file query-v7.pdb (PDB, C-alpha atoms)
ATOM      1  CA  MET A   3      32.245   8.205 -23.355  1.00  0.00           C
ATOM      2  CA  GLY A   4      29.421   8.774 -20.879  1.00  0.00           C
ATOM      3  CA  ILE A   5      25.697   8.837 -21.539  1.00  0.00           C
ATOM      4  CA  VAL A   6      24.100  12.282 -21.786  1.00  0.00           C
ATOM      5  CA  ILE A   7      20.346  12.734 -21.389  1.00  0.00           C
ATOM      6  CA  GLY A   8      18.693  16.041 -22.201  1.00  0.00           C
ATOM      7  CA  LEU A   9      15.870  17.223 -19.934  1.00  0.00           C
ATOM      8  CA  ILE A  10      13.104  19.501 -21.200  1.00  0.00           C
ATOM      9  CA  PRO A  11      13.258  22.525 -18.869  1.00  0.00           C
ATOM     10  CA  LEU A  12      10.446  23.659 -16.627  1.00  0.00           C
ATOM     11  CA  TYR A  13       9.438  27.308 -16.996  1.00  0.00           C
ATOM     12  CA  ASP A  14       8.417  29.809 -14.316  1.00  0.00           C
ATOM     13  CA  ASP A  15       6.065  32.353 -15.897  1.00  0.00           C
ATOM     14  CA  GLU A  16       6.289  34.822 -13.012  1.00  0.00           C
ATOM     15  CA  LYS A  17      10.078  34.836 -12.797  1.00  0.00           C
ATOM     16  CA  GLU A  18      10.495  34.310 -16.550  1.00  0.00           C
ATOM     17  CA  SER A  19      13.128  31.674 -15.851  1.00  0.00           C
ATOM     18  CA  ILE A  20      13.780  28.013 -16.492  1.00  0.00           C
ATOM     19  CA  TRP A  21      14.234  25.575 -13.613  1.00  0.00           C
ATOM     20  CA  MET A  22      14.311  21.878 -12.804  1.00  0.00           C
ATOM     21  CA  LEU A  23      13.038  19.603 -10.049  1.00  0.00           C
ATOM     22  CA  PRO A  24      16.110  17.801  -8.662  1.00  0.00           C
ATOM     23  CA  GLY A  25      14.431  14.388  -8.764  1.00  0.00           C
ATOM     24  CA  TYR A  26      14.547  14.274 -12.569  1.00  0.00           C
ATOM     25  CA  MET A  27      18.293  14.823 -12.535  1.00  0.00           C
ATOM     26  CA  GLN A  28      19.037  12.633  -9.534  1.00  0.00           C
ATOM     27  CA  ALA A  29      17.116   9.700 -10.995  1.00  0.00           C
ATOM     28  CA  ILE A  30      19.130   9.902 -14.218  1.00  0.00           C
ATOM     29  CA  GLU A  31      22.385  10.205 -12.277  1.00  0.00           C
ATOM     30  CA  GLN A  32      21.449   7.260 -10.054  1.00  0.00           C
ATOM     31  CA  PHE A  33      21.556   4.928 -13.034  1.00  0.00           C
ATOM     32  CA  GLY A  34      24.763   6.150 -14.576  1.00  0.00           C
ATOM     33  CA  ALA A  35      23.933   8.947 -17.015  1.00  0.00           C
ATOM     34  CA  ALA A  36      24.661  12.666 -17.020  1.00  0.00           C
ATOM     35  CA  PRO A  37      21.540  14.875 -17.160  1.00  0.00           C
ATOM     36  CA  ILE A  38      21.664  18.286 -18.815  1.00  0.00           C
ATOM     37  CA  ILE A  39      18.914  20.899 -18.760  1.00  0.00           C
ATOM     38  CA  LEU A  40      18.156  21.960 -22.308  1.00  0.00           C
ATOM     39  CA  PRO A  41      17.567  25.609 -23.224  1.00  0.00           C
ATOM     40  CA  LEU A  42      13.952  26.672 -23.653  1.00  0.00           C
ATOM     41  CA  ALA A  43      14.041  27.470 -27.358  1.00  0.00           C
ATOM     42  CA  ASP A  44      12.170  26.874 -30.588  1.00  0.00           C
ATOM     43  CA  SER A  45      15.085  27.704 -32.913  1.00  0.00           C
ATOM     44  CA  LYS A  46      15.724  24.571 -34.967  1.00  0.00           C
ATOM     45  CA  GLY A  47      19.404  25.440 -35.309  1.00  0.00           C
ATOM     46  CA  GLU A  48      19.869  25.745 -31.549  1.00  0.00           C
ATOM     47  CA  LEU A  49      17.844  22.621 -30.853  1.00  0.00           C
ATOM     48  CA  ASP A  50      19.816  20.630 -33.430  1.00  0.00           C
ATOM     49  CA  VAL A  51      23.049  21.431 -31.569  1.00  0.00           C
ATOM     50  CA  VAL A  52      21.835  20.328 -28.133  1.00  0.00           C
ATOM     51  CA  TYR A  53      19.933  17.357 -29.561  1.00  0.00           C
ATOM     52  CA  ALA A  54      23.108  16.047 -31.174  1.00  0.00           C
ATOM     53  CA  ALA A  55      24.855  16.149 -27.795  1.00  0.00           C
ATOM     54  CA  CYS A  56      22.218  13.904 -26.175  1.00  0.00           C
ATOM     55  CA  ASP A  57      21.833  10.138 -26.233  1.00  0.00           C
ATOM     56  CA  GLY A  58      18.215  10.412 -25.092  1.00  0.00           C
ATOM     57  CA  ILE A  59      15.576  13.001 -24.213  1.00  0.00           C
ATOM     58  CA  LEU A  60      13.436  13.152 -21.060  1.00  0.00           C
ATOM     59  CA  PHE A  61      10.109  14.940 -21.580  1.00  0.00           C
ATOM     60  CA  THR A  62       9.334  16.288 -18.116  1.00  0.00           C
ATOM     61  CA  GLY A  63       6.146  17.502 -16.423  1.00  0.00           C
ATOM     62  CA  GLY A  64       5.048  21.122 -16.412  1.00  0.00           C
ATOM     63  CA  HIS A  65       2.610  23.380 -18.260  1.00  0.00           C
ATOM     64  CA  ASP A  66      -0.640  22.110 -19.738  1.00  0.00           C
ATOM     65  CA  VAL A  67      -0.479  21.102 -23.388  1.00  0.00           C
ATOM     66  CA  ALA A  68      -2.170  23.721 -25.574  1.00  0.00           C
ATOM     67  CA  PRO A  69      -5.588  22.332 -26.665  1.00  0.00           C
ATOM     68  CA  GLU A  70      -5.051  23.827 -30.118  1.00  0.00           C
ATOM     69  CA  LEU A  71      -2.461  21.120 -30.711  1.00  0.00           C
ATOM     70  CA  TYR A  72      -5.167  18.476 -30.664  1.00  0.00           C
ATOM     71  CA  GLY A  73      -7.890  20.477 -32.378  1.00  0.00           C
ATOM     72  CA  GLU A  74      -9.906  21.704 -29.397  1.00  0.00           C
ATOM     73  CA  ASN A  75     -10.846  25.109 -28.046  1.00  0.00           C
ATOM     74  CA  ARG A  76      -9.375  26.047 -24.694  1.00  0.00           C
ATOM     75  CA  LYS A  77     -11.756  25.586 -21.749  1.00  0.00           C
ATOM     76  CA  ALA A  78     -11.741  27.790 -18.664  1.00  0.00           C
ATOM     77  CA  THR A  79     -10.501  24.825 -16.637  1.00  0.00           C
ATOM     78  CA  CYS A  80      -7.418  24.357 -18.821  1.00  0.00           C
ATOM     79  CA  GLY A  81      -4.201  25.618 -17.278  1.00  0.00           C
ATOM     80  CA  LYS A  82      -1.660  27.917 -18.858  1.00  0.00           C
ATOM     81  CA  ALA A  83       0.367  26.620 -21.791  1.00  0.00           C
ATOM     82  CA  CYS A  84       3.893  27.518 -22.895  1.00  0.00           C
ATOM     83  CA  ASP A  85       4.008  28.083 -26.637  1.00  0.00           C
ATOM     84  CA  THR A  86       7.799  27.904 -26.893  1.00  0.00           C
ATOM     85  CA  ARG A  87       7.873  24.646 -24.993  1.00  0.00           C
ATOM     86  CA  ASP A  88       5.140  23.109 -27.148  1.00  0.00           C
ATOM     87  CA  LYS A  89       7.101  23.985 -30.301  1.00  0.00           C
ATOM     88  CA  MET A  90      10.367  22.793 -28.790  1.00  0.00           C
ATOM     89  CA  GLU A  91       8.948  19.452 -27.746  1.00  0.00           C
ATOM     90  CA  ALA A  92       7.228  18.915 -31.087  1.00  0.00           C
ATOM     91  CA  TYR A  93      10.535  19.370 -32.903  1.00  0.00           C
ATOM     92  CA  LEU A  94      12.548  17.193 -30.522  1.00  0.00           C
ATOM     93  CA  LEU A  95       9.919  14.471 -30.403  1.00  0.00           C
ATOM     94  CA  ASP A  96       9.872  14.262 -34.194  1.00  0.00           C
ATOM     95  CA  LYS A  97      13.685  14.131 -34.234  1.00  0.00           C
ATOM     96  CA  CYS A  98      13.755  11.316 -31.665  1.00  0.00           C
ATOM     97  CA  LEU A  99      11.205   9.275 -33.580  1.00  0.00           C
ATOM     98  CA  GLU A 100      12.958   9.854 -36.900  1.00  0.00           C
ATOM     99  CA  ASP A 101      16.350   8.869 -35.489  1.00  0.00           C
ATOM    100  CA  ASP A 102      15.080   6.128 -33.162  1.00  0.00           C
ATOM    101  CA  LYS A 103      16.663   7.984 -30.251  1.00  0.00           C
ATOM    102  CA  PRO A 104      15.340   6.857 -26.832  1.00  0.00           C
ATOM    103  CA  LEU A 105      12.847   9.095 -25.048  1.00  0.00           C
ATOM    104  CA  LEU A 106      10.879   8.964 -21.828  1.00  0.00           C
ATOM    105  CA  GLY A 107       7.818  11.098 -21.147  1.00  0.00           C
ATOM    106  CA  ILE A 108       6.633  11.774 -17.593  1.00  0.00           C
ATOM    107  CA  CYS A 109       3.235  13.311 -16.724  1.00  0.00           C
ATOM    108  CA  ARG A 110       2.942  16.169 -19.243  1.00  0.00           C
ATOM    109  CA  GLY A 111       5.424  14.132 -21.276  1.00  0.00           C
ATOM    110  CA  ILE A 112       2.997  11.271 -21.925  1.00  0.00           C
ATOM    111  CA  GLN A 113       0.235  13.769 -22.635  1.00  0.00           C
ATOM    112  CA  PHE A 114       2.306  15.690 -25.153  1.00  0.00           C
ATOM    113  CA  ILE A 115       3.444  12.538 -26.951  1.00  0.00           C
ATOM    114  CA  ASN A 116      -0.155  11.406 -27.356  1.00  0.00           C
ATOM    115  CA  ALA A 117      -1.450  14.828 -28.426  1.00  0.00           C
ATOM    116  CA  HIS A 118       1.365  15.491 -30.901  1.00  0.00           C
ATOM    117  CA  LEU A 119       0.848  12.108 -32.522  1.00  0.00           C
ATOM    118  CA  GLY A 120      -2.859  12.619 -33.142  1.00  0.00           C
ATOM    119  CA  GLY A 121      -4.546  11.813 -29.832  1.00  0.00           C
ATOM    120  CA  THR A 122      -6.550  14.086 -27.535  1.00  0.00           C
ATOM    121  CA  LEU A 123      -6.546  15.001 -23.841  1.00  0.00           C
ATOM    122  CA  TYR A 124      -8.961  15.685 -21.050  1.00  0.00           C
ATOM    123  CA  GLN A 125      -8.295  19.350 -20.339  1.00  0.00           C
ATOM    124  CA  ASP A 126      -9.398  18.950 -16.725  1.00  0.00           C
ATOM    125  CA  LEU A 127     -10.196  15.616 -15.096  1.00  0.00           C
ATOM    126  CA  ALA A 128     -12.174  17.118 -12.225  1.00  0.00           C
ATOM    127  CA  THR A 129     -14.813  18.504 -14.601  1.00  0.00           C
ATOM    128  CA  GLU A 130     -14.583  16.036 -17.484  1.00  0.00           C
ATOM    129  CA  TYR A 131     -13.978  12.581 -15.989  1.00  0.00           C
ATOM    130  CA  GLU A 132     -16.013  11.186 -13.119  1.00  0.00           C
ATOM    131  CA  SER A 133     -13.839   9.171 -10.777  1.00  0.00           C
ATOM    132  CA  SER A 134     -13.236   8.454  -7.113  1.00  0.00           C
ATOM    133  CA  ILE A 135      -9.517   7.897  -7.738  1.00  0.00           C
ATOM    134  CA  GLU A 136      -7.032  10.487  -6.471  1.00  0.00           C
ATOM    135  CA  HIS A 137      -5.091  11.820  -9.465  1.00  0.00           C
ATOM    136  CA  HIS A 138      -3.933  15.072  -7.856  1.00  0.00           C
ATOM    137  CA  MET A 139      -2.328  14.014  -4.597  1.00  0.00           C
ATOM    138  CA  SER A 140      -0.819  16.181  -1.870  1.00  0.00           C
ATOM    139  CA  PRO A 141       2.799  15.812  -0.668  1.00  0.00           C
ATOM    140  CA  PRO A 142       4.768  13.713  -0.032  1.00  0.00           C
ATOM    141  CA  TYR A 143       4.872  12.460  -3.603  1.00  0.00           C
ATOM    142  CA  ASP A 144       6.844   9.263  -3.014  1.00  0.00           C
ATOM    143  CA  ARG A 145       3.802   7.368  -1.735  1.00  0.00           C
ATOM    144  CA  VAL A 146       1.003   5.453  -3.473  1.00  0.00           C
ATOM    145  CA  ALA A 147      -2.052   7.450  -4.583  1.00  0.00           C
ATOM    146  CA  HIS A 148      -3.790   4.723  -6.595  1.00  0.00           C
ATOM    147  CA  HIS A 149      -3.069   1.519  -8.495  1.00  0.00           C
ATOM    148  CA  ILE A 150      -2.462   0.730 -12.145  1.00  0.00           C
ATOM    149  CA  THR A 151      -2.500  -2.464 -14.163  1.00  0.00           C
ATOM    150  CA  VAL A 152       0.433  -3.049 -16.509  1.00  0.00           C
ATOM    151  CA  LEU A 153      -0.799  -4.904 -19.573  1.00  0.00           C
ATOM    152  CA  ASP A 154       0.810  -8.150 -20.699  1.00  0.00           C
ATOM    153  CA  LYS A 155       2.986  -8.272 -23.828  1.00  0.00           C
ATOM    154  CA  THR A 156       3.964  -4.591 -23.640  1.00  0.00           C
ATOM    155  CA  LYS A 157       7.363  -2.958 -23.321  1.00  0.00           C
ATOM    156  CA  LEU A 158       6.483  -1.879 -19.780  1.00  0.00           C
ATOM    157  CA  ALA A 159       5.654  -5.476 -18.906  1.00  0.00           C
ATOM    158  CA  ASP A 160       9.079  -6.439 -20.255  1.00  0.00           C
ATOM    159  CA  ILE A 161      10.657  -3.898 -17.902  1.00  0.00           C
ATOM    160  CA  ILE A 162       8.734  -4.370 -14.638  1.00  0.00           C
ATOM    161  CA  GLY A 163       6.346  -7.247 -15.313  1.00  0.00           C
ATOM    162  CA  ALA A 164       2.626  -7.318 -16.022  1.00  0.00           C
ATOM    163  CA  GLY A 165       0.203  -6.905 -13.131  1.00  0.00           C
ATOM    164  CA  GLN A 166      -0.898  -4.356 -10.555  1.00  0.00           C
ATOM    165  CA  TYR A 167       1.316  -1.668  -9.032  1.00  0.00           C
ATOM    166  CA  GLY A 168       0.832   1.304  -6.750  1.00  0.00           C
ATOM    167  CA  VAL A 169       1.836   4.684  -8.184  1.00  0.00           C
ATOM    168  CA  ASN A 170       1.926   8.303  -7.125  1.00  0.00           C
ATOM    169  CA  SER A 171      -0.197  10.767  -9.096  1.00  0.00           C
ATOM    170  CA  TYR A 172      -0.155  14.511  -9.634  1.00  0.00           C
ATOM    171  CA  HIS A 173      -1.979  15.684 -12.752  1.00  0.00           C
ATOM    172  CA  HIS A 174      -5.256  17.281 -13.806  1.00  0.00           C
ATOM    173  CA  GLN A 175      -5.015  16.416 -17.518  1.00  0.00           C
ATOM    174  CA  ALA A 176      -4.800  12.957 -19.056  1.00  0.00           C
ATOM    175  CA  ILE A 177      -5.080  11.003 -22.282  1.00  0.00           C
ATOM    176  CA  LYS A 178      -8.611  10.986 -23.688  1.00  0.00           C
ATOM    177  CA  ASP A 179      -8.453   9.523 -27.212  1.00  0.00           C
ATOM    178  CA  LEU A 180      -5.389   7.386 -27.805  1.00  0.00           C
ATOM    179  CA  SER A 181      -3.144   8.293 -30.724  1.00  0.00           C
ATOM    180  CA  PRO A 182      -3.178   5.655 -33.481  1.00  0.00           C
ATOM    181  CA  LYS A 183       0.631   5.748 -33.373  1.00  0.00           C
ATOM    182  CA  VAL A 184       0.939   4.520 -29.788  1.00  0.00           C
ATOM    183  CA  VAL A 185      -0.021   1.432 -27.829  1.00  0.00           C
ATOM    184  CA  LYS A 186      -1.549   1.429 -24.348  1.00  0.00           C
ATOM    185  CA  MET A 187       0.663  -0.237 -21.745  1.00  0.00           C
ATOM    186  CA  ALA A 188      -1.083   0.476 -18.435  1.00  0.00           C
ATOM    187  CA  VAL A 189      -4.432   1.695 -17.096  1.00  0.00           C
ATOM    188  CA  SER A 190      -5.557   3.082 -13.750  1.00  0.00           C
ATOM    189  CA  GLU A 191      -8.352   1.679 -11.615  1.00  0.00           C
ATOM    190  CA  ASP A 192     -10.807   4.104 -13.201  1.00  0.00           C
ATOM    191  CA  GLY A 193      -9.780   3.291 -16.769  1.00  0.00           C
ATOM    192  CA  LEU A 194      -7.443   6.181 -17.601  1.00  0.00           C
ATOM    193  CA  VAL A 195      -4.428   5.422 -19.769  1.00  0.00           C
ATOM    194  CA  GLU A 196      -1.360   5.505 -17.530  1.00  0.00           C
ATOM    195  CA  ALA A 197       1.445   4.392 -19.878  1.00  0.00           C
ATOM    196  CA  ILE A 198       2.041   4.275 -23.628  1.00  0.00           C
ATOM    197  CA  ALA A 199       4.737   3.281 -26.116  1.00  0.00           C
ATOM    198  CA  VAL A 200       5.185   4.697 -29.601  1.00  0.00           C
ATOM    199  CA  LYS A 201       4.858   1.960 -32.201  1.00  0.00           C
ATOM    200  CA  ASN A 202       7.908   0.870 -34.185  1.00  0.00           C
ATOM    201  CA  HIS A 203      10.388   2.642 -31.935  1.00  0.00           C
ATOM    202  CA  ARG A 204      13.158   1.071 -29.867  1.00  0.00           C
ATOM    203  CA  PHE A 205      12.377   3.013 -26.668  1.00  0.00           C
ATOM    204  CA  ALA A 206       9.744   5.758 -26.751  1.00  0.00           C
ATOM    205  CA  ILE A 207       7.507   5.409 -23.722  1.00  0.00           C
ATOM    206  CA  GLY A 208       5.452   7.684 -21.509  1.00  0.00           C
ATOM    207  CA  VAL A 209       4.073   7.250 -17.993  1.00  0.00           C
ATOM    208  CA  GLN A 210       1.458   9.394 -16.276  1.00  0.00           C
ATOM    209  CA  TRP A 211       2.904   9.031 -12.776  1.00  0.00           C
ATOM    210  CA  HIS A 212       6.214  10.384 -11.446  1.00  0.00           C
ATOM    211  CA  PRO A 213       9.113   7.887 -11.182  1.00  0.00           C
ATOM    212  CA  GLU A 214      11.456  10.771 -10.314  1.00  0.00           C
ATOM    213  CA  PHE A 215       9.724  11.076  -6.930  1.00  0.00           C
ATOM    214  CA  SER A 216       9.581   7.377  -6.116  1.00  0.00           C
ATOM    215  CA  TYR A 217      12.540   5.615  -7.762  1.00  0.00           C
ATOM    216  CA  LYS A 218      14.361   5.368  -4.416  1.00  0.00           C
ATOM    217  CA  ASN A 219      11.647   3.432  -2.594  1.00  0.00           C
ATOM    218  CA  SER A 220       9.971   1.720  -5.553  1.00  0.00           C
ATOM    219  CA  GLU A 221      11.881  -1.003  -7.349  1.00  0.00           C
ATOM    220  CA  GLU A 222       9.655  -0.880 -10.418  1.00  0.00           C
ATOM    221  CA  ASN A 223      10.094   2.876 -10.860  1.00  0.00           C
ATOM    222  CA  GLY A 224      13.831   2.474 -10.563  1.00  0.00           C
ATOM    223  CA  LYS A 225      13.670  -0.174 -13.273  1.00  0.00           C
ATOM    224  CA  ILE A 226      11.845   2.234 -15.612  1.00  0.00           C
ATOM    225  CA  VAL A 227      14.527   4.912 -15.266  1.00  0.00           C
ATOM    226  CA  LYS A 228      17.290   2.319 -15.528  1.00  0.00           C
ATOM    227  CA  ALA A 229      15.748   0.864 -18.695  1.00  0.00           C
ATOM    228  CA  PHE A 230      15.643   4.327 -20.241  1.00  0.00           C
ATOM    229  CA  VAL A 231      19.284   4.994 -19.379  1.00  0.00           C
ATOM    230  CA  ASN A 232      20.317   1.588 -20.697  1.00  0.00           C
ATOM    231  CA  ALA A 233      18.427   2.182 -23.931  1.00  0.00           C
ATOM    232  CA  CYS A 234      20.484   5.353 -24.399  1.00  0.00           C
ATOM    233  CA  LYS A 235      23.647   3.267 -24.541  1.00  0.00           C
ATOM    234  CA  LYS A 236      24.888   2.707 -28.059  1.00  0.00           C
ATOM    235  CA  GLU A 237      24.137  -0.988 -27.895  1.00  0.00           C
ATOM    236  CA  GLY A 238      20.548  -0.188 -26.909  1.00  0.00           C
ATOM    237  CA  ASP A 239      20.190  -3.147 -24.537  1.00  0.00           C
ATOM    238  CA  PHE A 240      17.546  -2.170 -21.992  1.00  0.00           C
TER     239      PHE A 240
END
call {"tool": "encode", "arguments": {"input": "query-v7.pdb", "output": "structure tokens"}}
result
Amino acid sequence: MGIVIGLIPLYDDEKESIWMLPGYMQAIEQFGAAPIILPLADSKGELDVVYAACDGILFTGGHDVAPELYGENRKATCGKACDTRDKMEAYLLDKCLEDDKPLLGICRGIQFINAHLGGTLYQDLATEYESSIEHHMSPPYDRVAHHITVLDKTKLADIIGAGQYGVNSYHHQAIKDLSPKVVKMAVSEDGLVEAIAVKNHRFAIGVQWHPEFSYKNSEENGKIVKAFVNACKKEGDF
């Protein structure tokens, strides 16, 4: 039986419709799994059905995480949130952690994981974090915007090796205070957390950059997606 990975849908507020960037799906397909776009819903019954059909969950990019989730008031520089998505992801993240089901968070995904597990976020890097590093690049997105350092003795180091790598970057929020339930796996040149892993979980990692844009021309990003897909296999050998 094939591997099925559920993707958190993106939501278009103006069109009131869900959608998906093809790179998320193509990256999953490239390494042998079948991606499905999940419904945007906060009904536990509905989510239980689709969750059961998936061997892993990909927490995609998208809306800003609501500051209320990490105990802060919304600033004018914070972007729009999606209440249904926040509730949906909270439920599915808890289910994945409870069941030890593999998950990968990308961009908003890493931010939501950290915030839901007790960490905080910068609501807007441009006004809250002084840096000369480009974190909100212009297209094309398959090129290097800045560099990160993967820390030794981390799950990410096991996957791609410790050391320095070039990554793309397209975000205006980022991890501020690290959740006590996660470990830091990579940092950017200006000190921002770029990758995390949830403690005591087989495969629950988040990255701030976008492997779905660069897996074709970046061996290390391909390895990250491949490791996630492999972890979704029943034997769990990534």
call {"tool": "closest_residue", "arguments": {"input": "query-v7.pdb", "among": "A:Glu191, A:Asn75, A:Ile161, A:Ser45", "to": "A:His148", "atoms": "all atoms listed in the file"}}
result
A:Glu191
call {"tool": "axis_aligned_box", "arguments": {"input": "query-v7.pdb", "around": "stretch 154-158 of chain A", "padding_each_side": "4 Å", "output": "lines of an AutoDock Vina configuration file"}}
result
center_x = 4.1
center_y = -5.1
center_z = -21.8
size_x = 14.6
size_y = 14.4
size_z = 12.0
call {"tool": "closest_residue", "arguments": {"input": "query-v7.pdb", "among": "A:Gly63, A:Gly120, A:Gly168, A:Gly193", "to": "A:Leu9", "atoms": "only C-alpha atoms"}}
result
A:Gly63
call {"tool": "residues_around", "arguments": {"input": "query-v7.pdb", "residues": "A:Asp85", "least_positions_apart": "6", "cutoff": "12 Å", "atoms": "only C-alpha atoms", "output": "ChimeraX atom specification"}}
result
/A:13,15,42-44,65-71,91-92
call {"tool": "atom_distance", "arguments": {"input": "query-v7.pdb", "atom1": "atom CA of A:Phe215", "atom2": "atom CA of A:Asp154"}}
result
25.3 Å
call {"tool": "closest_residue", "arguments": {"input": "query-v7.pdb", "among": "A:Asn116, A:Gln175, A:Ser133, A:Gln166", "to": "A:Ala206", "atoms": "all atoms listed in the file"}}
result
A:Asn116
call {"tool": "resolve_selection", "arguments": {"input": "query-v7.pdb", "expression": "the PyMOL selection byres ((chain A and resi 160) around 12)", "output": "compact mmCIF listing (two decimals) with C-alpha atoms, keeping the file's coordinate frame"}}
result
# COMPACT_ATOMS: atom_id res chain seq x y z
CA VAL A 152 0.43 -3.05 -16.51
CA LEU A 153 -0.80 -4.90 -19.57
CA ASP A 154 0.81 -8.15 -20.70
CA LYS A 155 2.99 -8.27 -23.83
CA THR A 156 3.96 -4.59 -23.64
CA LYS A 157 7.36 -2.96 -23.32
CA LEU A 158 6.48 -1.88 -19.78
CA ALA A 159 5.65 -5.48 -18.91
CA ILE A 161 10.66 -3.90 -17.90
CA ILE A 162 8.73 -4.37 -14.64
CA GLY A 163 6.35 -7.25 -15.31
CA ALA A 164 2.63 -7.32 -16.02
CA GLY A 165 0.20 -6.90 -13.13
CA MET A 187 0.66 -0.24 -21.74
CA PHE A 205 12.38 3.01 -26.67
CA GLU A 222 9.65 -0.88 -10.42
CA LYS A 225 13.67 -0.17 -13.27
CA ILE A 226 11.84 2.23 -15.61
CA ALA A 229 15.75 0.86 -18.70
CA PHE A 240 17.55 -2.17 -21.99
call {"tool": "closest_residue", "arguments": {"input": "query-v7.pdb", "among": "A:Asp144, A:Asp192, A:Glu48, A:Asp179", "to": "A:Ser216", "atoms": "only C-alpha atoms"}}
result
A:Asp144
call {"tool": "atom_distance", "arguments": {"input": "query-v7.pdb", "atom1": "atom CA of A:Cys109", "atom2": "atom CA of A:Trp21"}}
result
16.8 Å
call {"tool": "residues_around", "arguments": {"input": "query-v7.pdb", "residues": "A:Val6", "least_positions_apart": "5", "cutoff": "10 Å", "atoms": "only C-alpha atoms", "output": "PyMOL selection string"}}
result
chain A and resi 30-31+34-38+55-59+231+234-235
call {"tool": "resolve_selection", "arguments": {"input": "query-v7.pdb", "expression": "the PyMOL selection byres ((chain A and resi 102) around 9)", "output": "ChimeraX atom specification"}}
result
/A:97-101,103-105,202-206
call {"tool": "closest_residue", "arguments": {"input": "query-v7.pdb", "among": "A:Ile135, A:Ile115, A:Val209, A:Val52", "to": "A:Lys183", "atoms": "only C-alpha atoms"}}
result
A:Ile115
call {"tool": "residues_around", "arguments": {"input": "query-v7.pdb", "residues": "A:Pro11", "least_positions_apart": "6", "cutoff": "10 Å", "atoms": "only C-alpha atoms", "output": "list in words"}}
result
Ser19, Ile20, Trp21, Met22, Leu23, Ile38, Ile39, Leu40, Pro41, Leu42, Ala43, Leu60, Phe61, Thr62, Gly63, Gly64 and Arg87 of chain A
call {"tool": "write_last_selection", "arguments": {"input": "query-v7.pdb", "atoms": "C-alpha atoms", "output": "short mmCIF file (atom, residue, chain, number, x, y, z; two decimals), keeping the file's coordinate frame"}}
result
data_model
loop_
_atom_site.label_atom_id
_atom_site.label_comp_id
_atom_site.auth_asym_id
_atom_site.auth_seq_id
_atom_site.Cartn_x
_atom_site.Cartn_y
_atom_site.Cartn_z
CA SER A 19 13.13 31.67 -15.85
CA ILE A 20 13.78 28.01 -16.49
CA TRP A 21 14.23 25.58 -13.61
CA MET A 22 14.31 21.88 -12.80
CA LEU A 23 13.04 19.60 -10.05
CA ILE A 38 21.66 18.29 -18.82
CA ILE A 39 18.91 20.90 -18.76
CA LEU A 40 18.16 21.96 -22.31
CA PRO A 41 17.57 25.61 -23.22
CA LEU A 42 13.95 26.67 -23.65
CA ALA A 43 14.04 27.47 -27.36
CA LEU A 60 13.44 13.15 -21.06
CA PHE A 61 10.11 14.94 -21.58
CA THR A 62 9.33 16.29 -18.12
CA GLY A 63 6.15 17.50 -16.42
CA GLY A 64 5.05 21.12 -16.41
CA ARG A 87 7.87 24.65 -24.99
#
call {"tool": "atom_distance", "arguments": {"input": "query-v7.pdb", "atom1": "atom CA of A:Gly208", "atom2": "atom CA of A:Gly25"}}
result
17.0 Å
call {"tool": "closest_residue", "arguments": {"input": "query-v7.pdb", "among": "A:Tyr53, A:Ser171, A:Asp14, A:Lys77", "to": "A:Pro142", "atoms": "only C-alpha atoms"}}
result
A:Ser171
call {"tool": "resolve_selection", "arguments": {"input": "query-v7.pdb", "expression": "the PyMOL selection byres ((chain A and resi 196) around 9)", "output": "VMD selection string"}}
result
chain A and resid 112 150 to 152 176 to 177 186 to 190 193 to 195 197 to 198 208 to 211
